[in-house]
$ cat final-v7.cif   # mmCIF, C-alpha atoms and all ligand atoms
data_run
loop_
_atom_site.label_atom_id
_atom_site.label_comp_id
_atom_site.auth_asym_id
_atom_site.auth_seq_id
_atom_site.Cartn_x
_atom_site.Cartn_y
_atom_site.Cartn_z
CA MET V 30 3.65 7.77 33.79
CA LYS V 31 1.45 4.74 34.39
CA LEU V 32 -0.03 2.66 31.57
CA ARG V 33 -3.25 0.75 31.99
CA PRO V 34 -2.81 -3.03 31.61
CA ILE V 35 -4.40 -4.65 28.54
CA GLY V 36 -6.13 -7.95 29.15
CA GLY V 37 -4.38 -8.38 32.50
CA ALA V 38 -0.91 -8.40 30.88
CA SER V 39 2.04 -6.88 32.70
CA ILE V 40 3.18 -3.65 31.12
CA PRO V 41 6.57 -2.00 31.49
CA ARG V 42 6.28 1.06 33.65
CA LEU V 43 7.67 4.32 32.35
CA THR V 44 8.92 6.61 35.09
CA HIS V 45 9.31 9.40 32.54
CA PRO V 46 8.09 9.57 28.92
CA ARG V 47 11.69 9.87 27.74
CA ASP V 48 13.01 6.89 29.72
CA PRO V 49 13.99 3.84 27.63
CA VAL V 50 11.31 1.16 27.43
CA ILE V 51 12.56 -2.38 27.89
CA PHE V 52 10.27 -4.98 26.37
CA ARG V 53 9.94 -8.62 27.26
CA GLY V 54 12.75 -10.40 25.34
CA GLY V 55 15.20 -7.56 26.03
CA ASP V 56 14.40 -5.16 23.13
CA THR V 57 14.96 -1.57 24.18
CA LEU V 58 13.38 1.56 22.76
CA HIS V 59 15.03 4.94 23.52
CA PRO V 60 12.36 7.65 23.03
CA ARG V 61 15.10 10.25 23.71
CA ARG V 62 16.61 9.46 20.32
CA TRP V 63 13.40 10.09 18.49
CA ARG V 64 11.73 13.41 17.64
CA PRO V 65 8.68 13.85 15.40
CA PRO V 66 9.68 15.93 12.36
CA PRO V 67 8.50 19.57 12.47
CA ASP V 68 6.30 19.24 9.38
CA SER V 69 3.53 17.18 11.06
CA ASN V 70 0.21 18.28 9.63
CA PRO V 71 -1.92 19.73 12.49
CA PRO V 72 -5.43 19.08 11.09
CA MET V 73 -4.66 15.35 10.82
CA PRO V 74 -5.91 13.28 13.80
CA ILE V 75 -3.12 13.11 16.37
CA GLY V 76 -2.81 9.29 16.31
CA ARG V 77 -2.40 9.15 12.54
CA SER V 78 -0.08 12.12 12.47
CA LEU V 79 2.20 10.65 15.19
CA LEU V 80 2.34 7.26 13.49
CA LEU V 81 3.20 8.80 10.11
CA ALA V 82 5.86 10.95 11.80
CA ALA V 83 7.23 7.83 13.50
CA ALA V 84 7.39 6.16 10.08
CA LYS V 85 10.17 8.61 9.18
CA SER V 86 12.28 7.87 12.26
CA GLU V 87 15.49 5.92 11.63
CA ALA V 88 15.90 5.18 15.38
CA LEU V 89 12.45 3.56 15.57
CA ASN V 90 13.14 1.74 12.31
CA GLN V 91 16.32 0.22 13.75
CA PHE V 92 14.53 -0.68 16.97
CA ALA V 93 11.58 -2.32 15.22
CA LEU V 94 13.69 -4.33 12.79
CA LYS V 95 15.64 -5.87 15.67
CA SER V 96 12.59 -6.54 17.83
CA ARG V 97 11.23 -10.07 17.66
CA VAL V 98 7.98 -8.97 19.30
CA VAL V 99 7.28 -6.16 16.83
CA LYS V 100 8.17 -8.52 13.99
CA ARG V 101 5.62 -10.98 15.33
CA ALA V 102 2.96 -8.26 15.28
CA THR V 103 3.54 -7.61 11.56
CA LYS V 104 2.28 -11.13 10.85
CA ALA V 105 -1.25 -9.72 10.68
CA PHE V 106 -0.36 -7.84 7.49
CA MET V 107 2.34 -9.96 5.89
CA PRO V 108 2.75 -13.74 5.76
CA GLY V 109 6.53 -13.48 6.23
CA GLU V 110 9.70 -11.71 5.16
CA LYS V 111 10.78 -14.29 2.56
CA PRO V 112 9.35 -14.23 -0.98
CA GLU V 113 8.58 -17.93 -0.56
CA ASP V 114 6.28 -17.02 2.37
CA ALA V 115 4.40 -14.65 0.08
CA LEU V 116 4.25 -17.16 -2.79
CA ASP V 117 2.91 -19.88 -0.48
CA ALA V 118 0.29 -17.53 1.01
CA GLY V 119 -0.75 -16.49 -2.50
CA ALA V 120 -1.17 -20.14 -3.53
CA GLN V 121 -3.70 -20.53 -0.68
CA LEU V 122 -5.64 -17.35 -1.50
CA VAL V 123 -6.12 -18.14 -5.17
CA LYS V 124 -8.06 -21.29 -4.28
CA ASP V 125 -11.28 -19.26 -3.97
CA GLY V 126 -10.63 -17.27 -7.12
CA ARG V 127 -8.88 -14.22 -5.66
CA ARG V 128 -5.85 -12.96 -7.54
CA ILE V 129 -2.57 -11.67 -6.16
CA ILE V 130 -0.23 -8.70 -6.42
CA TYR V 131 3.22 -9.03 -4.87
CA THR V 132 5.38 -6.24 -3.58
CA LYS V 133 8.80 -6.40 -1.96
CA LEU V 134 8.97 -3.82 0.77
CA GLY V 135 11.59 -1.11 0.50
CA GLU V 136 11.62 2.47 -0.74
CA ALA V 137 13.83 5.53 -1.06
CA LEU V 138 17.06 3.73 -1.94
CA THR V 139 20.21 5.73 -1.32
CA GLN V 140 22.42 4.06 -3.93
CA LEU V 141 21.54 3.40 -7.54
CA LYS V 142 23.32 0.04 -7.58
CA ASP V 143 20.80 -1.28 -5.05
CA ALA V 144 18.07 -0.78 -7.68
CA ASP V 145 19.77 -3.37 -9.91
CA ALA V 146 19.32 -5.94 -7.16
CA VAL V 147 15.63 -5.02 -6.76
CA ARG V 148 15.10 -5.37 -10.52
CA ASP V 149 16.86 -8.75 -10.53
CA HIS V 150 14.75 -9.90 -7.60
CA TYR V 151 11.52 -9.07 -9.43
CA LEU V 152 12.77 -10.80 -12.60
CA TRP V 153 13.24 -13.89 -10.45
CA LEU V 154 9.80 -13.40 -8.89
CA PHE V 155 8.09 -13.26 -12.30
CA ASP V 156 9.71 -16.63 -13.10
CA GLN V 157 8.40 -18.03 -9.81
CA ILE V 158 4.90 -16.73 -10.57
CA LYS V 159 5.02 -18.47 -13.94
CA ALA V 160 6.50 -21.70 -12.54
CA ARG V 161 3.76 -21.91 -9.90
CA GLY V 162 1.01 -20.91 -12.35
CA LEU V 163 -0.21 -18.14 -10.05
CA PRO V 164 -2.61 -15.43 -11.29
CA ALA V 165 -0.28 -12.78 -9.88
CA GLN V 166 1.13 -9.39 -10.77
CA VAL V 167 3.86 -7.22 -9.22
CA SER V 168 3.74 -3.71 -7.80
CA ILE V 169 6.87 -1.60 -7.38
CA LYS V 170 7.67 1.75 -5.81
CA PRO V 171 9.59 3.96 -8.26
CA THR V 172 12.04 5.01 -5.51
CA GLN V 173 12.80 1.33 -4.98
CA LEU V 174 14.07 1.26 -8.56
CA GLY V 175 16.25 4.36 -8.27
CA LEU V 176 13.89 7.27 -9.08
CA ASP V 177 15.74 9.55 -6.63
CA GLN V 178 19.14 8.78 -8.14
CA SER V 179 18.45 8.55 -11.89
CA GLU V 180 15.12 8.93 -13.68
CA SER V 181 16.53 7.26 -16.81
CA ALA V 182 17.85 4.24 -14.89
CA CYS V 183 14.50 3.91 -13.10
CA LEU V 184 12.67 4.01 -16.44
CA ALA V 185 15.01 1.38 -17.88
CA HIS V 186 14.31 -0.91 -14.89
CA CYS V 187 10.55 -0.40 -15.20
CA LEU V 188 10.64 -1.16 -18.93
CA THR V 189 12.64 -4.34 -18.28
CA LEU V 190 10.15 -5.47 -15.63
CA ALA V 191 7.07 -4.57 -17.67
CA ALA V 192 8.46 -6.55 -20.64
CA LYS V 193 9.21 -9.51 -18.38
CA ALA V 194 5.69 -9.28 -16.88
CA GLU V 195 4.17 -9.42 -20.36
CA SER V 196 6.34 -12.39 -21.33
CA VAL V 197 4.91 -14.47 -18.44
CA GLY V 198 1.29 -13.27 -18.81
CA SER V 199 1.48 -10.97 -15.78
CA ALA V 200 1.56 -7.18 -15.39
CA LEU V 201 3.53 -4.48 -13.61
CA TRP V 202 2.08 -1.82 -11.30
CA LEU V 203 3.63 1.48 -10.20
CA ASP V 204 2.69 2.51 -6.66
CA MET V 205 2.23 6.22 -5.96
CA GLU V 206 4.50 7.55 -3.21
CA ASP V 207 4.30 10.95 -1.48
CA SER V 208 3.20 14.05 -3.38
CA THR V 209 6.75 15.15 -4.24
CA TYR V 210 6.98 12.12 -6.56
CA VAL V 211 3.71 12.48 -8.47
CA ASP V 212 5.03 14.44 -11.48
CA ARG V 213 7.97 12.10 -11.99
CA THR V 214 5.83 9.00 -11.51
CA LEU V 215 3.29 10.20 -14.12
CA VAL V 216 6.09 10.74 -16.65
CA LEU V 217 7.44 7.29 -15.84
CA TYR V 218 4.00 5.71 -16.22
CA GLU V 219 3.35 7.42 -19.56
CA ALA V 220 6.62 6.04 -20.94
CA VAL V 221 6.08 2.48 -19.67
CA LYS V 222 2.37 2.34 -20.55
CA ALA V 223 3.08 3.42 -24.15
CA LYS V 224 5.15 0.25 -24.66
CA HIS V 225 3.42 -2.14 -22.24
CA PRO V 226 -0.34 -1.49 -22.20
CA SER V 227 -1.14 -3.75 -19.24
CA THR V 228 0.93 -1.60 -16.85
CA GLY V 229 -1.04 -0.02 -14.00
CA LEU V 230 -0.62 3.08 -11.84
CA ALA V 231 -1.94 4.06 -8.40
CA LEU V 232 -3.58 7.49 -8.00
CA GLN V 233 -4.55 8.97 -4.61
CA SER V 234 -7.95 10.56 -3.97
CA TYR V 235 -6.64 12.77 -1.11
CA LEU V 236 -4.62 14.86 -3.60
CA PHE V 237 -6.44 17.87 -5.09
CA ARG V 238 -4.64 17.32 -8.40
CA THR V 239 -5.80 13.72 -9.03
CA PRO V 240 -8.90 14.48 -11.23
CA LYS V 241 -6.63 16.49 -13.55
CA ASP V 242 -3.99 13.74 -13.57
CA LEU V 243 -6.67 11.24 -14.54
CA GLU V 244 -7.75 13.49 -17.45
CA ARG V 245 -4.14 13.81 -18.56
CA LEU V 246 -3.82 10.01 -18.67
CA ARG V 247 -7.17 9.42 -20.45
CA PRO V 248 -5.69 9.23 -24.00
CA LEU V 249 -3.45 6.37 -22.83
CA LYS V 250 -6.43 4.24 -21.69
CA PRO V 251 -4.81 3.92 -18.28
CA VAL V 252 -5.08 1.02 -15.83
CA ILE V 253 -5.70 2.90 -12.58
CA ARG V 254 -5.76 1.66 -9.00
CA LEU V 255 -7.51 4.40 -7.06
CA VAL V 256 -6.44 4.58 -3.39
CA LYS V 257 -7.15 7.15 -0.70
CA GLY V 258 -3.44 7.85 -0.04
CA ALA V 259 -1.17 6.71 2.77
CA TYR V 260 1.29 9.57 3.38
CA ALA V 261 1.32 12.66 5.63
CA GLU V 262 0.60 15.46 3.15
CA PRO V 263 0.34 19.22 3.74
CA ALA V 264 -3.09 20.89 3.49
CA SER V 265 -1.82 22.81 0.45
CA VAL V 266 -1.92 19.64 -1.68
CA ALA V 267 -4.31 17.18 0.01
CA PHE V 268 -7.64 17.16 1.86
CA PRO V 269 -6.94 17.41 5.59
CA LYS V 270 -10.33 15.86 6.39
CA LYS V 271 -10.87 12.17 5.78
CA ALA V 272 -14.53 12.71 4.84
CA ASP V 273 -13.42 14.93 1.94
CA THR V 274 -10.93 12.28 0.78
CA ASP V 275 -13.72 9.67 0.90
CA GLU V 276 -16.10 11.82 -1.17
CA ALA V 277 -13.34 12.65 -3.65
CA TYR V 278 -12.74 8.90 -3.93
CA TYR V 279 -16.36 8.27 -4.86
CA ARG V 280 -16.37 11.11 -7.41
CA ILE V 281 -13.13 9.97 -9.10
CA ALA V 282 -14.34 6.35 -9.00
CA GLY V 283 -17.48 7.49 -10.89
CA THR V 284 -15.34 9.14 -13.58
CA MET V 285 -13.23 5.97 -13.88
CA LEU V 286 -16.35 3.83 -14.31
CA GLU V 287 -17.66 6.18 -17.01
CA MET V 288 -14.27 5.99 -18.73
CA ALA V 289 -14.44 2.19 -18.51
CA LYS V 290 -17.80 2.28 -20.27
CA THR V 291 -16.14 3.90 -23.29
CA GLY V 292 -13.00 1.74 -23.06
CA GLU V 293 -10.87 4.62 -21.80
CA CYS V 294 -9.83 3.16 -18.43
CA THR V 295 -9.45 -0.11 -16.55
CA PRO V 296 -10.74 0.86 -13.09
CA ILE V 297 -9.36 -0.76 -9.97
CA PHE V 298 -10.52 0.25 -6.50
CA GLY V 299 -7.82 -0.23 -3.86
CA THR V 300 -9.73 0.23 -0.62
CA HIS V 301 -11.05 -1.64 2.42
CA ASP V 302 -13.90 0.84 2.82
CA VAL V 303 -16.71 -1.66 2.32
CA PRO V 304 -19.64 0.84 2.29
CA LEU V 305 -17.74 2.87 -0.31
CA VAL V 306 -17.13 -0.27 -2.37
CA GLY V 307 -20.90 -0.91 -2.15
CA ARG V 308 -21.65 2.58 -3.53
CA ILE V 309 -19.15 2.05 -6.35
CA ILE V 310 -20.67 -1.32 -7.27
CA ALA V 311 -24.14 0.31 -7.32
CA ARG V 312 -22.80 3.03 -9.65
CA ALA V 313 -21.24 0.36 -11.92
CA GLU V 314 -24.62 -1.42 -12.04
CA GLN V 315 -26.35 1.86 -13.00
CA LEU V 316 -23.88 2.16 -15.86
CA ALA V 317 -24.51 -1.50 -16.81
CA LEU V 318 -20.83 -2.31 -16.36
CA ALA V 319 -20.49 -6.05 -15.84
CA LYS V 320 -18.61 -7.52 -12.88
CA GLY V 321 -15.06 -8.07 -14.06
CA ARG V 322 -14.91 -4.75 -15.95
CA TYR V 323 -13.69 -3.26 -12.66
CA GLU V 324 -11.83 -4.81 -9.72
CA VAL V 325 -11.41 -4.36 -5.98
CA HIS V 326 -7.94 -4.69 -4.49
CA MET V 327 -7.25 -5.06 -0.78
CA LEU V 328 -4.20 -5.72 1.35
CA TYR V 329 -3.35 -9.12 2.77
CA GLY V 330 -4.86 -9.63 6.21
CA ILE V 331 -7.31 -6.72 6.05
CA ARG V 332 -11.05 -7.34 5.65
CA SER V 333 -10.41 -10.95 4.58
CA LYS V 334 -14.04 -11.99 5.14
CA GLU V 335 -15.28 -9.13 2.96
CA GLN V 336 -12.77 -10.13 0.27
CA GLN V 337 -14.24 -13.65 0.31
CA ARG V 338 -17.83 -12.40 0.33
CA LEU V 339 -17.24 -10.08 -2.65
CA ARG V 340 -15.46 -12.88 -4.51
CA ALA V 341 -18.35 -15.27 -3.80
CA GLU V 342 -20.71 -12.64 -5.24
CA GLY V 343 -18.71 -12.76 -8.48
CA HIS V 344 -16.53 -9.67 -8.14
CA ALA V 345 -12.90 -9.60 -9.25
CA ILE V 346 -10.85 -9.40 -6.05
CA THR V 347 -7.09 -9.11 -5.82
CA VAL V 348 -5.00 -9.24 -2.65
CA LEU V 349 -1.76 -7.32 -2.38
CA ILE V 350 0.82 -9.36 -0.45
CA SER V 351 3.94 -7.63 0.87
CA TYR V 352 7.13 -9.31 1.97
CA GLY V 353 10.76 -8.41 2.65
CA ASP V 354 12.73 -7.17 5.62
CA ALA V 355 12.30 -3.41 4.98
CA TRP V 356 8.82 -3.39 6.48
CA TYR V 357 9.06 -0.65 9.10
CA ARG V 358 7.82 2.44 7.17
CA TRP V 359 5.16 0.42 5.37
CA TYR V 360 4.00 -1.13 8.63
CA MET V 361 3.71 2.26 10.36
CA ARG V 362 1.52 3.48 7.49
CA ARG V 363 -0.75 0.45 8.04
CA LEU V 364 -1.01 1.33 11.74
CA ALA V 365 -1.73 4.96 10.85
CA GLU V 366 -4.63 3.90 8.64
CA ARG V 367 -6.34 2.50 11.68
CA PRO V 368 -4.77 3.72 14.92
CA ALA V 369 -6.87 1.11 16.75
CA ASN V 370 -4.30 -1.35 15.33
CA VAL V 371 -1.82 0.05 17.83
CA TRP V 372 -3.77 -1.69 20.60
CA PHE V 373 -3.57 -4.89 18.63
CA VAL V 374 0.22 -4.47 18.43
CA ALA V 375 0.43 -3.56 22.11
CA LYS V 376 -1.43 -6.75 22.95
CA SER V 377 1.01 -8.88 20.95
CA ILE V 378 3.97 -7.10 22.57
CA PHE V 379 2.80 -7.16 26.17
CA GLY V 380 0.29 -9.98 26.14
C1 LIG V 401 -4.18 -2.71 -3.05
C2 LIG V 401 -3.76 -1.43 -2.39
C3 LIG V 401 -2.70 -0.72 -2.92
C4 LIG V 401 -2.31 0.49 -2.33
N1 LIG V 401 -1.35 1.25 -2.93
C5 LIG V 401 -1.08 2.48 -2.45
C6 LIG V 401 -0.20 3.37 -3.14
O1 LIG V 401 0.37 3.04 -4.19
N2 LIG V 401 0.01 4.60 -2.61
C7 LIG V 401 -0.62 5.02 -1.45
O2 LIG V 401 -0.42 6.16 -1.04
N3 LIG V 401 -1.44 4.19 -0.78
C8 LIG V 401 -1.69 2.95 -1.25
N4 LIG V 401 -2.56 2.14 -0.57
C9 LIG V 401 -3.03 2.52 0.79
C10 LIG V 401 -4.24 3.45 0.73
O3 LIG V 401 -3.84 4.73 0.26
C11 LIG V 401 -4.88 3.63 2.11
O4 LIG V 401 -3.94 4.18 3.00
C12 LIG V 401 -5.40 2.34 2.71
O5 LIG V 401 -5.98 1.53 1.75
C13 LIG V 401 -6.45 2.66 3.83
O6 LIG V 401 -7.53 3.32 3.30
P1 LIG V 401 -8.92 2.62 2.90
O7 LIG V 401 -9.20 2.98 1.50
O8 LIG V 401 -8.84 1.17 3.16
O9 LIG V 401 -10.01 3.34 3.73
P2 LIG V 401 -10.16 3.69 5.26
O10 LIG V 401 -11.34 4.58 5.33
O11 LIG V 401 -8.86 4.15 5.83
O12 LIG V 401 -10.51 2.29 5.90
C14 LIG V 401 -11.77 1.68 5.73
C15 LIG V 401 -11.89 0.54 6.71
O13 LIG V 401 -10.98 -0.50 6.34
C16 LIG V 401 -10.36 -1.05 7.48
N5 LIG V 401 -8.90 -0.77 7.41
C17 LIG V 401 -8.26 0.12 6.61
N6 LIG V 401 -6.94 0.07 6.81
C18 LIG V 401 -6.75 -0.85 7.77
C19 LIG V 401 -5.61 -1.36 8.40
N7 LIG V 401 -4.40 -0.94 8.12
N8 LIG V 401 -5.79 -2.32 9.34
C20 LIG V 401 -7.00 -2.80 9.66
N9 LIG V 401 -8.13 -2.35 9.08
C21 LIG V 401 -8.01 -1.39 8.14
C22 LIG V 401 -10.98 -0.39 8.68
O14 LIG V 401 -12.04 -1.15 9.12
C23 LIG V 401 -11.48 0.91 8.14
O15 LIG V 401 -12.56 1.41 8.85
C24 LIG V 401 -2.97 0.93 -1.15
C25 LIG V 401 -4.04 0.21 -0.63
C26 LIG V 401 -4.44 -0.95 -1.24
C27 LIG V 401 -5.60 -1.70 -0.67
#
$ encode --input "final-v7.cif" --output "structure tokens"
Amino acid sequence: MKLRPIGGASIPRLTHPRDPVIFRGGDTLHPRRWRPPPDSNPPMPIGRSLLLAAAKSEALNQFALKSRVVKRATKAFMPGEKPEDALDAGAQLVKDGRRIIYTKLGEALTQLKDADAVRDHYLWLFDQIKARGLPAQVSIKPTQLGLDQSESACLAHCLTLAAKAESVGSALWLDMEDSTYVDRTLVLYEAVKAKHPSTGLALQSYLFRTPKDLERLRPLKPVIRLVKGAYAEPASVAFPKKADTDEAYYRIAGTMLEMAKTGECTPIFGTHDVPLVGRIIARAEQLALAKGRYEVHMLYGIRSKEQQRLRAEGHAITVLISYGDAWYRWYMRRLAERPANVWFVAKSIFG
């Protein structure tokens, strides 16, 4: 198999798709050791589906973590692996009035004792946020705090972190993971939100169930970050077509804005879809909701100019900065969101 050179760079030649690929610098990838899982969702575009399947591969994970060139490519989406890298990057971003959310990468722990270390890390991070005077919050994945091993231990960790967040004038967010976690994450959120009102939760517009979940949370006056959803989900639970997910996003966003009008929701829109953000802002204006009653959150390194433009126009903009060495699965989801990014990675590997 022959690959076409990008920008004149020399590209390793594969004699057979299953032959190992040896990259400049000596990293070796053995495609033989990797198989996409059988549950790939056929209606999903092939690029996205392959990348999300690859996200589950332990062999590719091990390869990527050891590869200096792949690591270099992640720089587009994360300032560095160390928390200090993230804190320093945040200190730069806040200069134009953007705010920050930090998240340490890592999910699906296999041992409950590892969750204690994650909790302790975030306790330390909240102290750093306070010491540096940063307008920053923290977002966790429930499986990073032991949800798979013990729901009660995970709740205890979340309560500890939410209390700490409050004590330093910050707030805690719960990310939403794949659809098998939604029920447990809602229960977790209800328990934490009841004691710590500033706590936020991500909901995903690609899931059919999300409008009902939002209604269920309404009495709690939830703080909701609406996202489209980053996981490979079966057509029985999520829209296979992106256009349907986008329209569902706009509909749910409208409900959240109406809820905000009556004080029943703090609406946050976690998306880089700038035309969609424009439609949501227009809807907020129709409802006479002032800027600042809703926010837009984007990821570090994505649509930075649009983040600055929206901020300059007076909108509340927050940037989610990830750090940590467990970046492989997260990074593959970022590539899957925009398969064109694969070319960008290829360029940094081969160029
Ligand atoms: C703050 C925040 C928190 C999130 N939390 C969660 C969560 O808890 N659970 C969850 O499932 N998902 C989460 N996500 C991810 C989300 O579900 C989507 O996968 C992701 O935001 C891409 O969708 P989009 O809304 O940006 O729209 P899309 O329609 O996918 O993208 C719109 C445009 O944005 C640009 N863009 C989008 N992604 C990229 C990228 N990776 N690289 C370069 N350009 C890009 C492209 O120009 C694209 O055309 C979060 C996203 C954000 C911004």
$ residues_around --input "final-v7.cif" --residues "segment 245-256 of chain V" --least-positions-apart "6" --cutoff "7 Å" --atoms "all atoms listed in the file" --output "list of chain:residue names"
V:Thr228, V:Gly229, V:Leu230, V:Ala231, V:Leu232, V:Gln233, V:Ser234, V:Glu293, V:Cys294, V:Thr295, V:Pro296, V:Ile297, V:Phe298, V:Gly299, V:Thr300
$ residues_near_point --input "final-v7.cif" --point "(17.6, 0.0, -9.6)" --cutoff "10 Å" --atoms "all atoms listed in the file" --output "PyMOL selection string"
chain V and resi 138+140-149+171-176+178-179+182-187
$ closest_residue --input "final-v7.cif" --among "V:Ala115, V:Ala282, V:Leu154, V:Ile129" --to "Gln166 of chain V" --atoms "all atoms listed in the file"
V:Ile129
$ residues_near_ligand --input "final-v7.cif" --ligand "ligand LIG 401 (chain V)" --cutoff "6 Å" --atoms "all atoms listed in the file" --output "CSV table (one decimal) with C-alpha atoms, in the coordinates of the input"
chain,number,residue,atom,x,y,z
V,204,ASP,CA,2.7,2.5,-6.7
V,205,MET,CA,2.2,6.2,-6.0
V,206,GLU,CA,4.5,7.6,-3.2
V,231,ALA,CA,-1.9,4.1,-8.4
V,256,VAL,CA,-6.4,4.6,-3.4
V,257,LYS,CA,-7.2,7.2,-0.7
V,258,GLY,CA,-3.4,7.8,0.0
V,259,ALA,CA,-1.2,6.7,2.8
V,260,TYR,CA,1.3,9.6,3.4
V,299,GLY,CA,-7.8,-0.2,-3.9
V,300,THR,CA,-9.7,0.2,-0.6
V,301,HIS,CA,-11.0,-1.6,2.4
V,302,ASP,CA,-13.9,0.8,2.8
V,326,HIS,CA,-7.9,-4.7,-4.5
V,327,MET,CA,-7.2,-5.1,-0.8
V,328,LEU,CA,-4.2,-5.7,1.4
V,331,ILE,CA,-7.3,-6.7,6.0
V,349,LEU,CA,-1.8,-7.3,-2.4
V,363,ARG,CA,-0.8,0.4,8.0
V,364,LEU,CA,-1.0,1.3,11.7
V,366,GLU,CA,-4.6,3.9,8.6
V,367,ARG,CA,-6.3,2.5,11.7
$ axis_aligned_box --input "final-v7.cif" --around "segment 199-213 of chain V" --padding-each-side "3 Å" --output "AutoDock Vina command-line options"
--center_x 4.7 --center_y 2.1 --center_z -8.6 --size_x 12.5 --size_y 32.1 --size_z 20.3
$ residues_around --input "final-v7.cif" --residues "Arg213 of chain V" --least-positions-apart "4" --cutoff "10 Å" --atoms "only C-alpha atoms" --output "list of chain:residue names"
V:Pro171, V:Leu176, V:Asp177, V:Glu180, V:Thr209, V:Leu217, V:Tyr218
$ residues_around --input "final-v7.cif" --residues "Ala345 of chain V" --least-positions-apart "3" --cutoff "7 Å" --atoms "all atoms listed in the file" --output "ChimeraX atom specification"
/V:321,324-325,340
$ atom_distance --input "final-v7.cif" --atom1 "atom CA of Leu339 of chain V" --atom2 "atom CA of Arg312 of chain V"
15.9 Å
$ residues_around --input "final-v7.cif" --residues "Leu201 of chain V" --least-positions-apart "4" --cutoff "8 Å" --atoms "only C-alpha atoms" --output "list in words"
Gln166, Val167, Ser168, Ile169, Leu190, Ala191, Ala194, Ser227, Thr228 and Gly229 of chain V
$ closest_residue --input "final-v7.cif" --among "V:Ser78, V:Tyr151, V:Thr132, V:Arg338" --to "Pro263 of chain V" --atoms "only C-alpha atoms"
V:Ser78
$ atom_distance --input "final-v7.cif" --atom1 "atom CA of Tyr131 of chain V" --atom2 "atom CA of Pro112 of chain V"
8.9 Å
$ residues_around --input "final-v7.cif" --residues "Val197 of chain V" --least-positions-apart "6" --cutoff "12 Å" --atoms "all atoms listed in the file" --output "PyMOL selection string"
chain V and resi 152-167+190-191
$ build_atoms --input "final-v7.cif" --residues "segment 254-267 of chain V" --atoms "N, CA and C atoms" --output "PDB file, in the frame of the given file"
ATOM      1  N   ARG V 254      -5.338   2.108 -10.340  1.00  0.00           N
ATOM      2  CA  ARG V 254      -5.760   1.660  -9.000  1.00  0.00           C
ATOM      3  C   ARG V 254      -5.961   2.938  -8.176  1.00  0.00           C
ATOM      4  N   LEU V 255      -7.230   3.211  -7.865  1.00  0.00           N
ATOM      5  CA  LEU V 255      -7.510   4.400  -7.060  1.00  0.00           C
ATOM      6  C   LEU V 255      -7.399   4.032  -5.578  1.00  0.00           C
ATOM      7  N   VAL V 256      -6.561   4.779  -4.842  1.00  0.00           N
ATOM      8  CA  VAL V 256      -6.440   4.580  -3.390  1.00  0.00           C
ATOM      9  C   VAL V 256      -6.707   5.922  -2.711  1.00  0.00           C
ATOM     10  N   LYS V 257      -6.898   5.884  -1.397  1.00  0.00           N
ATOM     11  CA  LYS V 257      -7.150   7.150  -0.700  1.00  0.00           C
ATOM     12  C   LYS V 257      -5.841   7.918  -0.489  1.00  0.00           C
ATOM     13  N   GLY V 258      -4.740   7.199  -0.256  1.00  0.00           N
ATOM     14  CA  GLY V 258      -3.440   7.850  -0.040  1.00  0.00           C
ATOM     15  C   GLY V 258      -2.956   7.592   1.375  1.00  0.00           C
ATOM     16  N   ALA V 259      -1.682   7.216   1.490  1.00  0.00           N
ATOM     17  CA  ALA V 259      -1.170   6.710   2.770  1.00  0.00           C
ATOM     18  C   ALA V 259      -0.137   7.622   3.434  1.00  0.00           C
ATOM     19  N   TYR V 260       0.179   8.773   2.849  1.00  0.00           N
ATOM     20  CA  TYR V 260       1.290   9.570   3.380  1.00  0.00           C
ATOM     21  C   TYR V 260       0.783  10.803   4.129  1.00  0.00           C
ATOM     22  N   ALA V 261       1.664  11.412   4.941  1.00  0.00           N
ATOM     23  CA  ALA V 261       1.320  12.660   5.630  1.00  0.00           C
ATOM     24  C   ALA V 261       1.552  13.798   4.643  1.00  0.00           C
ATOM     25  N   GLU V 262       0.480  14.407   4.174  1.00  0.00           N
ATOM     26  CA  GLU V 262       0.600  15.460   3.150  1.00  0.00           C
ATOM     27  C   GLU V 262       0.155  16.803   3.717  1.00  0.00           C
ATOM     28  N   PRO V 263       0.775  17.902   3.264  1.00  0.00           N
ATOM     29  CA  PRO V 263       0.340  19.220   3.740  1.00  0.00           C
ATOM     30  C   PRO V 263      -1.035  19.603   3.177  1.00  0.00           C
ATOM     31  N   ALA V 264      -1.740  20.482   3.902  1.00  0.00           N
ATOM     32  CA  ALA V 264      -3.090  20.890   3.490  1.00  0.00           C
ATOM     33  C   ALA V 264      -3.060  21.675   2.175  1.00  0.00           C
ATOM     34  N   SER V 265      -1.889  22.088   1.722  1.00  0.00           N
ATOM     35  CA  SER V 265      -1.820  22.810   0.450  1.00  0.00           C
ATOM     36  C   SER V 265      -2.003  21.860  -0.744  1.00  0.00           C
ATOM     37  N   VAL V 266      -1.806  20.560  -0.541  1.00  0.00           N
ATOM     38  CA  VAL V 266      -1.920  19.640  -1.680  1.00  0.00           C
ATOM     39  C   VAL V 266      -2.987  18.557  -1.491  1.00  0.00           C
ATOM     40  N   ALA V 267      -3.397  18.316  -0.236  1.00  0.00           N
ATOM     41  CA  ALA V 267      -4.310  17.180   0.010  1.00  0.00           C
ATOM     42  C   ALA V 267      -5.400  17.576   1.004  1.00  0.00           C
TER      43      ALA V 267
END
